[in-house]
Structures are given as C-alpha cells and as structure tokens.
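Next up, data.json (JSON, C-alpha atoms (C1' of nucleotides)):
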[["chain", "number", "residue", "atom", "x", "y", "z"],
["A", 1, "MET", "CA", 94.69, 65.17, 44.61],
["A", 2, "PRO", "CA", 96.72, 66.74, 47.33],
["A", 3, "GLU", "CA", 94.76, 66.30, 50.55],
["A", 4, "LEU", "CA", 95.83, 67.12, 54.10],
["A", 5, "PRO", "CA", 98.73, 64.61, 54.23],
["A", 6, "GLU", "CA", 100.20, 65.73, 50.91],
["A", 7, "VAL", "CA", 99.89, 69.40, 51.82],
["A", 8, "GLU", "CA", 101.43, 68.78, 55.24],
["A", 9, "ALA", "CA", 104.24, 66.71, 53.71],
["A", 10, "THR", "CA", 104.88, 69.58, 51.32],
["A", 11, "ARG", "CA", 104.93, 72.12, 54.13],
["A", 12, "ARG", "CA", 107.42, 70.14, 56.18],
["A", 13, "SER", "CA", 109.66, 69.62, 53.16],
["A", 14, "PHE", "CA", 110.49, 73.28, 52.65],
["A", 15, "VAL", "CA", 109.55, 75.28, 55.75],
["A", 16, "ASP", "CA", 113.05, 75.19, 57.22],
["A", 17, "GLN", "CA", 114.61, 76.11, 53.91],
["A", 18, "ILE", "CA", 112.51, 79.19, 53.30],
["A", 19, "VAL", "CA", 112.04, 80.70, 56.75],
["A", 20, "GLY", "CA", 113.97, 83.93, 57.06],
["A", 21, "ALA", "CA", 114.31, 84.40, 53.31],
["A", 22, "HIS", "CA", 113.59, 87.68, 51.60],
["A", 23, "ILE", "CA", 111.59, 87.76, 48.37],
["A", 24, "VAL", "CA", 113.73, 88.92, 45.47],
["A", 25, "SER", "CA", 111.18, 88.66, 42.67],
["A", 26, "VAL", "CA", 108.01, 86.82, 41.71],
["A", 27, "ARG", "CA", 107.14, 85.42, 38.30],
["A", 28, "MET", "CA", 103.59, 84.37, 37.44],
["A", 29, "GLY", "CA", 102.86, 82.08, 34.46],
["A", 30, "LYS", "CA", 99.46, 81.22, 33.05],
["A", 31, "PRO", "CA", 96.43, 82.24, 35.11],
["A", 32, "LEU", "CA", 95.67, 79.99, 38.06],
["A", 33, "ARG", "CA", 92.31, 79.53, 39.72],
["A", 34, "TRP", "CA", 92.37, 83.00, 41.22],
["A", 35, "PRO", "CA", 94.51, 86.07, 40.55],
["A", 36, "LEU", "CA", 97.39, 86.83, 42.90],
["A", 37, "GLY", "CA", 95.56, 89.81, 44.31],
["A", 38, "CYS", "CA", 98.52, 92.19, 44.37],
["A", 39, "SER", "CA", 101.30, 93.27, 42.06],
["A", 40, "VAL", "CA", 104.38, 91.06, 41.98],
["A", 41, "GLU", "CA", 106.50, 94.15, 42.60],
["A", 42, "SER", "CA", 104.79, 94.78, 45.92],
["A", 43, "LEU", "CA", 106.04, 91.43, 47.24],
["A", 44, "VAL", "CA", 109.70, 92.22, 46.65],
["A", 45, "GLY", "CA", 111.65, 92.66, 49.84],
["A", 46, "ARG", "CA", 109.16, 90.91, 52.10],
["A", 47, "ARG", "CA", 110.50, 88.36, 54.54],
["A", 48, "VAL", "CA", 109.10, 84.86, 55.04],
["A", 49, "LEU", "CA", 108.37, 84.33, 58.72],
["A", 50, "GLY", "CA", 106.91, 80.83, 58.59],
["A", 51, "VAL", "CA", 104.73, 78.34, 56.75],
["A", 52, "ARG", "CA", 101.50, 77.03, 58.24],
["A", 53, "ARG", "CA", 98.76, 74.75, 56.95],
["A", 54, "ARG", "CA", 95.01, 75.24, 57.24],
["A", 55, "GLY", "CA", 92.98, 72.45, 55.68],
["A", 56, "LYS", "CA", 94.48, 72.01, 52.23],
["A", 57, "TYR", "CA", 95.87, 75.55, 52.14],
["A", 58, "LEU", "CA", 99.45, 76.52, 52.86],
["A", 59, "LEU", "CA", 99.93, 79.90, 54.51],
["A", 60, "LEU", "CA", 103.23, 81.62, 53.91],
["A", 61, "ASP", "CA", 103.45, 84.25, 56.61],
["A", 62, "LEU", "CA", 105.30, 87.34, 55.48],
["A", 63, "ASP", "CA", 106.48, 90.26, 57.57],
["A", 64, "GLN", "CA", 103.62, 92.07, 55.91],
["A", 65, "GLY", "CA", 100.62, 89.99, 54.86],
["A", 66, "LEU", "CA", 100.63, 86.36, 53.75],
["A", 67, "LEU", "CA", 100.44, 84.18, 50.68],
["A", 68, "LEU", "CA", 97.78, 81.47, 50.50],
["A", 69, "VAL", "CA", 98.82, 78.53, 48.34],
["A", 70, "HIS", "CA", 96.43, 75.81, 47.17],
["A", 71, "LEU", "CA", 97.65, 72.85, 45.14],
["A", 72, "GLY", "CA", 94.29, 72.15, 43.52],
["A", 73, "MET", "CA", 94.41, 68.60, 42.30],
["A", 74, "SER", "CA", 97.50, 68.49, 40.13],
["A", 75, "GLY", "CA", 99.70, 71.02, 41.87],
["A", 76, "SER", "CA", 103.00, 70.49, 43.63],
["A", 77, "LEU", "CA", 105.63, 72.79, 45.06],
["A", 78, "GLY", "CA", 109.35, 72.59, 44.48],
["A", 79, "PHE", "CA", 112.11, 74.39, 46.33],
["A", 80, "PHE", "CA", 115.31, 74.91, 44.36],
["A", 81, "LYS", "CA", 118.63, 76.38, 45.39],
["A", 82, "ALA", "CA", 119.50, 77.35, 41.84],
["A", 83, "GLN", "CA", 116.96, 78.87, 39.51],
["A", 84, "PRO", "CA", 115.69, 76.21, 37.13],
["A", 85, "HIS", "CA", 114.29, 77.13, 33.74],
["A", 86, "PRO", "CA", 110.50, 77.28, 34.03],
["A", 87, "GLY", "CA", 108.57, 74.54, 32.24],
["A", 88, "ALA", "CA", 105.22, 74.86, 30.53],
["A", 89, "HIS", "CA", 103.33, 74.08, 33.74],
["A", 90, "ASP", "CA", 105.34, 76.13, 36.20],
["A", 91, "HIS", "CA", 102.96, 78.97, 36.96],
["A", 92, "CYS", "CA", 104.45, 80.72, 39.95],
["A", 93, "ASP", "CA", 108.05, 81.26, 40.98],
["A", 94, "VAL", "CA", 108.87, 83.02, 44.22],
["A", 95, "HIS", "CA", 112.56, 83.87, 44.08],
["A", 96, "THR", "CA", 114.04, 84.39, 47.53],
["A", 97, "THR", "CA", 117.46, 84.95, 49.00],
["A", 98, "GLN", "CA", 117.47, 81.26, 50.03],
["A", 99, "GLY", "CA", 116.04, 79.60, 46.93],
["A", 100, "VAL", "CA", 113.14, 79.48, 44.53],
["A", 101, "LEU", "CA", 109.70, 78.22, 45.55],
["A", 102, "ARG", "CA", 107.89, 77.00, 42.45],
["A", 103, "LEU", "CA", 104.30, 75.93, 41.86],
["A", 104, "HIS", "CA", 104.01, 73.26, 39.17],
["A", 105, "ASP", "CA", 100.36, 72.73, 38.23],
["A", 106, "PRO", "CA", 99.35, 71.28, 34.84],
["A", 107, "ARG", "CA", 95.61, 71.62, 35.42],
["A", 108, "ARG", "CA", 95.80, 75.01, 37.08],
["A", 109, "PHE", "CA", 93.16, 74.32, 39.70],
["A", 110, "GLY", "CA", 95.67, 75.60, 42.20],
["A", 111, "ALA", "CA", 96.20, 79.17, 43.32],
["A", 112, "VAL", "CA", 98.55, 81.62, 45.00],
["A", 113, "VAL", "CA", 96.67, 84.46, 46.64],
["A", 114, "TYR", "CA", 97.97, 87.41, 48.61],
["A", 115, "ALA", "CA", 96.06, 88.66, 51.64],
["A", 116, "ALA", "CA", 96.98, 91.59, 53.85],
["A", 117, "GLY", "CA", 96.28, 89.44, 56.91],
["A", 118, "GLU", "CA", 94.43, 86.34, 57.96],
["A", 119, "ALA", "CA", 91.39, 88.43, 58.83],
["A", 120, "ALA", "CA", 91.46, 90.29, 55.53],
["A", 121, "PRO", "CA", 88.59, 89.58, 53.10],
["A", 122, "ALA", "CA", 90.91, 87.88, 50.60],
["A", 123, "ALA", "CA", 91.88, 85.32, 53.24],
["A", 124, "GLN", "CA", 88.51, 84.97, 54.90],
["A", 125, "LYS", "CA", 86.86, 84.22, 51.58],
["A", 126, "LEU", "CA", 88.98, 81.06, 51.39],
["A", 127, "LEU", "CA", 89.52, 80.16, 55.03],
["A", 128, "GLY", "CA", 86.44, 81.58, 56.70],
["A", 129, "LYS", "CA", 84.11, 78.60, 56.34],
["A", 130, "LEU", "CA", 86.60, 75.83, 56.97],
["A", 131, "GLY", "CA", 85.73, 73.27, 59.62],
["A", 132, "PRO", "CA", 88.00, 71.95, 62.39],
["A", 133, "GLU", "CA", 91.49, 70.54, 61.88],
["A", 134, "PRO", "CA", 91.35, 66.76, 62.44],
["A", 135, "LEU", "CA", 94.85, 66.46, 63.89],
["A", 136, "GLU", "CA", 94.60, 69.31, 66.34],
["A", 137, "ALA", "CA", 93.22, 69.43, 69.85],
["A", 138, "GLY", "CA", 90.29, 71.56, 68.72],
["A", 139, "PHE", "CA", 88.77, 68.64, 66.81],
["A", 140, "ASP", "CA", 85.84, 67.98, 69.07],
["A", 141, "LEU", "CA", 83.85, 64.74, 68.89],
["A", 142, "ALA", "CA", 80.60, 66.28, 70.11],
["A", 143, "ARG", "CA", 80.78, 69.00, 67.50],
["A", 144, "PHE", "CA", 81.70, 66.47, 64.80],
["A", 145, "HIS", "CA", 78.69, 64.32, 65.66],
["A", 146, "ALA", "CA", 76.43, 67.37, 65.85],
["A", 147, "THR", "CA", 77.44, 68.37, 62.34],
["A", 148, "LEU", "CA", 76.75, 64.87, 61.02],
["A", 149, "CYS", "CA", 73.31, 64.97, 62.60],
["A", 150, "GLN", "CA", 72.41, 68.02, 60.53],
["A", 151, "ARG", "CA", 73.25, 66.43, 57.21],
["A", 152, "ARG", "CA", 70.92, 64.10, 55.32],
["A", 153, "VAL", "CA", 73.38, 63.27, 52.55],
["A", 154, "PRO", "CA", 75.68, 60.23, 52.43],
["A", 155, "ILE", "CA", 78.50, 60.33, 54.96],
["A", 156, "LYS", "CA", 81.14, 60.18, 52.22],
["A", 157, "GLN", "CA", 79.97, 63.50, 50.83],
["A", 158, "VAL", "CA", 79.87, 65.09, 54.28],
["A", 159, "LEU", "CA", 83.50, 64.14, 54.85],
["A", 160, "LEU", "CA", 84.41, 65.83, 51.58],
["A", 161, "ALA", "CA", 82.36, 68.96, 52.24],
["A", 162, "GLY", "CA", 84.85, 70.43, 54.70],
["A", 163, "ASP", "CA", 82.52, 71.67, 57.42],
["A", 164, "ALA", "CA", 82.56, 68.62, 59.73],
["A", 165, "VAL", "CA", 86.30, 68.27, 59.24],
["A", 166, "VAL", "CA", 88.86, 69.72, 56.82],
["A", 167, "GLY", "CA", 91.62, 68.12, 54.80],
["A", 168, "VAL", "CA", 89.79, 64.93, 53.85],
["A", 169, "GLY", "CA", 89.56, 64.43, 50.09],
["A", 170, "ASN", "CA", 88.51, 61.56, 47.90],
["A", 171, "ILE", "CA", 91.28, 59.16, 48.87],
["A", 172, "TYR", "CA", 91.16, 59.54, 52.63],
["A", 173, "ALA", "CA", 87.36, 59.70, 52.80],
["A", 174, "SER", "CA", 87.15, 56.20, 51.35],
["A", 175, "GLU", "CA", 90.03, 54.98, 53.51],
["A", 176, "ALA", "CA", 88.62, 56.42, 56.73],
["A", 177, "LEU", "CA", 85.19, 54.91, 56.10],
["A", 178, "PHE", "CA", 86.78, 51.53, 55.47],
["A", 179, "ARG", "CA", 88.72, 51.76, 58.69],
["A", 180, "ALA", "CA", 85.55, 52.71, 60.52],
["A", 181, "GLY", "CA", 83.55, 49.90, 58.91],
["A", 182, "ILE", "CA", 80.95, 52.37, 57.67],
["A", 183, "ARG", "CA", 79.30, 52.14, 54.27],
["A", 184, "PRO", "CA", 79.87, 55.41, 52.34],
["A", 185, "THR", "CA", 76.21, 55.62, 51.36],
["A", 186, "VAL", "CA", 74.90, 55.82, 54.92],
["A", 187, "LYS", "CA", 73.02, 59.02, 55.60],
["A", 188, "ALA", "CA", 75.23, 61.08, 57.92],
["A", 189, "SER", "CA", 72.39, 61.93, 60.28],
["A", 190, "ASN", "CA", 71.72, 58.21, 60.79],
["A", 191, "LEU", "CA", 75.11, 57.56, 62.39],
["A", 192, "SER", "CA", 74.95, 56.90, 66.11],
["A", 193, "ARG", "CA", 77.18, 58.75, 68.52],
["A", 194, "ARG", "CA", 79.22, 55.59, 68.90],
["A", 195, "ARG", "CA", 79.74, 55.17, 65.16],
["A", 196, "ALA", "CA", 80.52, 58.86, 64.78],
["A", 197, "GLU", "CA", 83.24, 58.36, 67.36],
["A", 198, "VAL", "CA", 84.67, 55.40, 65.47],
["A", 199, "LEU", "CA", 84.75, 57.49, 62.32],
["A", 200, "TYR", "CA", 86.24, 60.45, 64.16],
["A", 201, "GLN", "CA", 89.11, 58.23, 65.30],
["A", 202, "ALA", "CA", 89.45, 56.60, 61.88],
["A", 203, "VAL", "CA", 89.86, 59.97, 60.18],
["A", 204, "ARG", "CA", 92.59, 60.92, 62.61],
["A", 205, "GLU", "CA", 94.40, 57.61, 62.32],
["A", 206, "VAL", "CA", 94.30, 57.46, 58.53],
["A", 207, "LEU", "CA", 95.52, 61.02, 58.15],
["A", 208, "THR", "CA", 98.23, 60.56, 60.76],
["A", 209, "GLN", "CA", 99.54, 57.45, 59.05],
["A", 210, "ALA", "CA", 99.44, 59.13, 55.66],
["A", 211, "VAL", "CA", 101.39, 62.13, 56.94],
["A", 212, "GLU", "CA", 104.01, 59.74, 58.31],
["A", 213, "LYS", "CA", 104.27, 58.10, 54.88],
["A", 214, "GLY", "CA", 104.70, 61.47, 53.18],
["A", 215, "GLY", "CA", 101.23, 61.32, 51.62],
["A", 216, "SER", "CA", 100.06, 59.35, 48.60],
["A", 217, "THR", "CA", 101.62, 59.56, 45.16],
["A", 218, "LEU", "CA", 99.08, 58.22, 42.67],
["A", 219, "ARG", "CA", 100.18, 60.09, 39.60],
["A", 220, "ASN", "CA", 102.94, 62.56, 40.21],
["A", 221, "PHE", "CA", 102.68, 64.18, 43.61],
["A", 222, "SER", "CA", 105.98, 65.02, 45.26],
["A", 223, "ASN", "CA", 106.99, 67.29, 48.09],
["A", 224, "ALA", "CA", 109.14, 70.39, 47.68],
["A", 225, "ASN", "CA", 112.28, 68.26, 47.55],
["A", 226, "GLY", "CA", 110.91, 66.02, 44.82],
["A", 227, "GLU", "CA", 110.26, 63.10, 47.15],
["A", 228, "VAL", "CA", 107.14, 61.00, 46.54],
["A", 229, "GLY", "CA", 104.69, 59.68, 49.15],
["A", 230, "HIS", "CA", 104.14, 56.03, 49.98],
["A", 231, "PHE", "CA", 100.74, 55.81, 51.64],
["A", 232, "GLN", "CA", 99.09, 54.52, 48.46],
["A", 233, "MET", "CA", 100.94, 51.25, 49.03],
["A", 234, "GLN", "CA", 98.78, 50.58, 52.05],
["A", 235, "ALA", "CA", 95.49, 51.90, 50.74],
["A", 236, "ASN", "CA", 92.78, 49.39, 51.58],
["A", 237, "VAL", "CA", 90.13, 50.45, 49.11],
["A", 238, "TYR", "CA", 91.06, 53.53, 47.08],
["A", 239, "ALA", "CA", 91.71, 52.70, 43.42],
["A", 240, "ARG", "CA", 91.35, 48.98, 44.23],
["A", 241, "ALA", "CA", 88.02, 48.26, 42.51],
["A", 242, "GLY", "CA", 87.72, 44.59, 41.63],
["A", 243, "GLN", "CA", 90.66, 43.60, 43.81],
["A", 244, "PRO", "CA", 90.21, 41.49, 46.96],
["A", 245, "CYS", "CA", 89.78, 43.23, 50.30],
["A", 246, "ARG", "CA", 92.99, 42.92, 52.31],
["A", 247, "VAL", "CA", 90.92, 41.92, 55.34],
["A", 248, "CYS", "CA", 88.22, 39.55, 54.05],
["A", 249, "GLY", "CA", 88.96, 38.92, 50.38],
["A", 250, "THR", "CA", 85.64, 40.28, 49.12],
["A", 251, "LEU", "CA", 86.06, 42.26, 45.90],
["A", 252, "ILE", "CA", 86.28, 46.02, 46.42],
["A", 253, "ARG", "CA", 83.46, 47.94, 44.80],
["A", 254, "LEU", "CA", 83.43, 51.28, 43.00],
["A", 255, "ILE", "CA", 80.37, 53.57, 43.02],
["A", 256, "ARG", "CA", 79.74, 57.18, 42.05],
["A", 257, "GLN", "CA", 78.72, 59.73, 44.66],
["A", 258, "GLY", "CA", 78.32, 63.37, 43.74],
["A", 259, "GLN", "CA", 80.25, 62.85, 40.49],
["A", 260, "ARG", "CA", 83.14, 61.30, 42.35],
["A", 261, "SER", "CA", 84.32, 57.74, 42.77],
["A", 262, "THR", "CA", 83.95, 56.00, 46.09],
["A", 263, "PHE", "CA", 85.57, 52.66, 46.94],
["A", 264, "PHE", "CA", 84.45, 50.30, 49.67],
["A", 265, "CYS", "CA", 84.36, 46.69, 50.79],
["A", 266, "PRO", "CA", 80.77, 45.38, 50.77],
["A", 267, "HIS", "CA", 81.58, 42.91, 53.54],
["A", 268, "CYS", "CA", 83.67, 45.00, 55.93],
["A", 269, "GLN", "CA", 81.39, 48.01, 55.43],
["A", 270, "LYS", "CA", 77.96, 46.43, 55.67],
["A", 271, "SER", "CA", 76.05, 49.51, 56.84],
["T", 1, "DA", "C1'", 69.84, 76.54, 55.24],
["T", 2, "DA", "C1'", 70.70, 72.36, 52.78],
["T", 3, "DA", "C1'", 71.45, 70.02, 48.59],
["T", 4, "DA", "C1'", 72.46, 69.33, 43.81],
["T", 5, "DG", "C1'", 74.82, 70.51, 39.80],
["T", 6, "DC", "C1'", 78.20, 73.43, 37.19],
["T", 7, "DC", "C1'", 82.62, 74.63, 36.00],
["T", 8, "DC", "C1'", 87.55, 75.74, 35.86],
["T", 9, "DC", "C1'", 91.78, 72.68, 33.33],
["T", 10, "DT", "C1'", 94.93, 69.20, 30.85],
["T", 11, "DG", "C1'", 97.29, 64.62, 30.77],
["T", 12, "DG", "C1'", 96.53, 59.93, 30.37],
["T", 13, "DA", "C1'", 93.74, 55.98, 29.19],
["T", 14, "DT", "C1'", 90.50, 53.98, 26.16],
["T", 15, "DG", "C1'", 87.96, 52.98, 21.86],
["T", 16, "DC", "C1'", 87.31, 52.92, 16.97],
["N", 1, "DT", "C1'", 99.21, 56.21, 14.08],
["N", 2, "DG", "C1'", 95.53, 59.45, 14.92],
["N", 3, "DC", "C1'", 91.60, 61.43, 16.55],
["N", 4, "DA", "C1'", 87.48, 61.74, 19.57],
["N", 5, "DT", "C1'", 85.82, 60.77, 24.03],
["N", 6, "DC", "C1'", 85.96, 60.07, 28.82],
["N", 7, "DC", "C1'", 87.85, 60.49, 33.30],
["N", 8, "DA", "C1'", 90.57, 62.28, 37.29],
["N", 9, "DG", "C1'", 88.60, 65.91, 41.24],
["N", 10, "DG", "C1'", 89.06, 70.53, 44.92],
["N", 11, "DG", "C1'", 85.89, 73.54, 45.98],
["N", 12, "DG", "C1'", 83.64, 78.05, 45.12],
["N", 13, "DC", "C1'", 79.66, 79.42, 42.80],
["N", 14, "DT", "C1'", 74.88, 79.30, 41.16],
["N", 15, "DT", "C1'", 70.47, 77.33, 41.14],
["N", 16, "DT", "C1'", 66.84, 74.66, 43.15]]

Spell out the structure here as structure tokens.
Amino acid sequence: MPELPEVEATRRSFVDQIVGAHIVSVRMGKPLRWPLGCSVESLVGRRVLGVRRRGKYLLLDLDQGLLLVHLGMSGSLGFFKAQPHPGAHDHCDVHTTQGVLRLHDPRRFGAVVYAAGEAAPAAQKLLGKLGPEPLEAGFDLARFHATLCQRRVPIKQVLLAGDAVVGVGNIYASEALFRAGIRPTVKASNLSRRRAEVLYQAVREVLTQAVEKGGSTLRNFSNANGEVGHFQMQANVYARAGQPCRVCGTLIRLIRQGQRSTFFCPHCQKS
DNA sequence: AAAAGCCCCTGGATGC
DNA sequence: TGCATCCAGGGGCTTT
C-alpha cells in the first residue's frame, strides 16, 4: 500500500546514495507487472542523474533514458552497500558503483520499466493521464473543484482515481475525508466549492504530515534504508473499525466502496 | 466520456 | 496440524 508518502519517503532515503552512480549490472527475478522494456545489458554503464517522484511512481533519471519504478502494493526498495543474496521475493537488483538498489515485492504488483525519455510512449502510457501533484504549486483549487463537479461517483472513489489528484490511496483517502469532515459516500459533484476547498487542504495536510512521519507501515513497508514509517500511529480512521473516534468517541465504521474498504466516523463525517 | 467490474499476485488471518 | 477460503489493494484494461 505504498501511497505518495511512502514513495516519497523511499525516494528521500536513497537519492543521495545513488546519484552519480554507474550501473554495473541488472538482475531481474520473477516477472513483475510489466516487462522491463529493454535488455538488462543495455543499461550497463548508464549513470544515475537523479531520482524524482510522480504520483506513486519513482523516476530514476539516467544519462540516457529513465527507469520508472512502481511499488504496487507490497513493494519496497532497499539500497545496500554490499551485495546481499537475493531472496525469493527480490525481483530486481540494480547493481551500481555505489551500491545495489533492490526491489522486494512479494505480490509482484510492482514494476520497473525503462523508457527512452519522459515523452516516450513507454513513459507516457504510465504517466500521461496522471492528475496534479497535491504538494506542488500546480495543485489548483479551481481545477480540483471542477474535476469533482464532473464526477457523479462517491468522493472517496474520485480521490482514488488519480485524475483530480495523484498519490492518494486507500489509507490517505479515508484520512483526508475524516479531516475534512466529509462522508466518503457523498457524490463528488454535490460538494460545494467551500467543501472542496476544505478537502483540498485536508489532502495536502494529511499527505504532508505522513511524509514527515516517513509514511505508514501497516504490514512491512520500509524505506530504502530499512526504516519503517510511523504515520499509522496517528491514523484517525483507517483500520480502526469498531474503535472509538479520537475526536468524539463514536465507533468508527467500515464500508465497502468499489471493492475497497473505507473507514469513517459517522458523527464527525455526517454528510 | 463516465462508470463498473476484472484481474494480476501471495502472505496472513480465519474457519472448520 | 492442515487445508480451504477470504482478504489486502494499485491501477490499467475491458465492457457496459
């Protein structure tokens, strides 16, 4: 369940260690969600110029092309100075002159994809339809509200869809709606401009706090240095069904929306 | 164009 | 103790 905060925490945990490194070799394990899109040999000798994040994707900029990394829902990256023996769920090792970047992903919903450039079809297929970044200046309230107005489905599902805003997954959608005092079942197009603004701010605040806490570690997420996140300790609703709301004491409820669980407080999120 | 459902995968929890 | 079943869910894809 890596969402924006977990992906950003991961990025920060290894960017300084890998920048400037040259790729020595690449080992792929079992098939991931998508094929690499190039031969491993063709990556040898390339230099890592930087690591960026777009939504839940990490972009490793190379001196020629880039690697798109997605953690899926069970993926995590590790950066090791010495080469560790690969385990059963280590499906991609990028050996560099400064260490080994490893993707560990038991469920293999993750992916490592090569693209010749950000505008290349391989990259555009994954990045082309992504909405605005919530923590950047380009996240525009008017545009956010306009997108909500077009959607007749529950607001929770719009937050997950990735066109109004990127990086919000199942945990932070529930948390942001709690913070905004909005019931997850409300039709997105029914939200007033004022309530859209409250939600817009709530999304930014929740994600910002989560990034500061290093993300959430519910099962086994850790950043590239093996450090876990701590935001789950302050989750108000996620995974708290049947427990009292931290604000009003009402029992947190669990419902299903689009085959996913949603948590909310019936009292704090009346409509 | 929007919406709903499918499907990829495996570890962990639950039930008998 | 063991086996079957269910659930977790990101997100592209297909179908309605």

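For the set T:DC6, T:DA1, T:DG11, T:DC16, the residue with the smallest atom-to-atom gap to DC3 in chain N is T:DC16, counting all atoms listed in the file.
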
*asked:* Residues of chain N within 9 Å of chain A, counting all atoms listed in the file, what are they? List them as JSON, numbers by chain.
replied: {"N": [8, 9, 10, 11, 12]}

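Every protein or nucleic acid residue with an atom no more than 8 Å from range 149-157 of chain A, counting only C-alpha atoms (C1' of nucleotides) and leaving out same-chain residues fewer than 5 positions away, appears here: A:Ala173, A:Ser174, A:Leu177, A:Pro184, A:Thr185, A:Val186, A:Lys187, A:Ala188, A:Ser189, A:Asn190, A:Leu191, A:Gln257, A:Gly258, A:Thr262, T:DA2.
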
Can I get the selected residues back with C-alpha atoms (C1' of nucleotides), as a short mmCIF file (atom, residue, chain, number, x, y, z; two decimals), keeping the file's coordinate frame?
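Dumped everything to out_35.cif:
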data_model
loop_
_atom_site.label_atom_id
_atom_site.label_comp_id
_atom_site.auth_asym_id
_atom_site.auth_seq_id
_atom_site.Cartn_x
_atom_site.Cartn_y
_atom_site.Cartn_z
CA ALA A 173 87.36 59.70 52.80
CA SER A 174 87.15 56.20 51.35
CA LEU A 177 85.19 54.91 56.10
CA PRO A 184 79.87 55.41 52.34
CA THR A 185 76.21 55.62 51.36
CA VAL A 186 74.90 55.82 54.92
CA LYS A 187 73.02 59.02 55.60
CA ALA A 188 75.23 61.08 57.92
CA SER A 189 72.39 61.93 60.28
CA ASN A 190 71.72 58.21 60.79
CA LEU A 191 75.11 57.56 62.39
CA GLN A 257 78.72 59.73 44.66
CA GLY A 258 78.32 63.37 43.74
CA THR A 262 83.95 56.00 46.09
"C1'" DA T 2 70.70 72.36 52.78
#

For the contact check between chain T and chain A, emit one row per residue of chain T within 9 Å, containing the shortest atom pair and the distance in Å rounded to one decimal, counting only C-alpha atoms (C1' of nucleotides), chain then rising number order, as JSON lines.
{"residue": "T:DA2", "atom": "C1'", "partner": "A:Arg151", "partner_atom": "CA", "distance": 7.8}
{"residue": "T:DA3", "atom": "C1'", "partner": "A:Val153", "partner_atom": "CA", "distance": 8.1}
{"residue": "T:DA4", "atom": "C1'", "partner": "A:Gly258", "partner_atom": "CA", "distance": 8.4}
{"residue": "T:DG5", "atom": "C1'", "partner": "A:Gly258", "partner_atom": "CA", "distance": 8.9}
{"residue": "T:DC8", "atom": "C1'", "partner": "A:Phe109", "partner_atom": "CA", "distance": 6.9}
{"residue": "T:DC9", "atom": "C1'", "partner": "A:Arg107", "partner_atom": "CA", "distance": 4.5}
{"residue": "T:DT10", "atom": "C1'", "partner": "A:Arg107", "partner_atom": "CA", "distance": 5.2}
{"residue": "T:DG11", "atom": "C1'", "partner": "A:Pro106", "partner_atom": "CA", "distance": 8.1}

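Put simply, CA of Gly117 in chain A is 18.2 Å away from CA of Glu41 in chain A.
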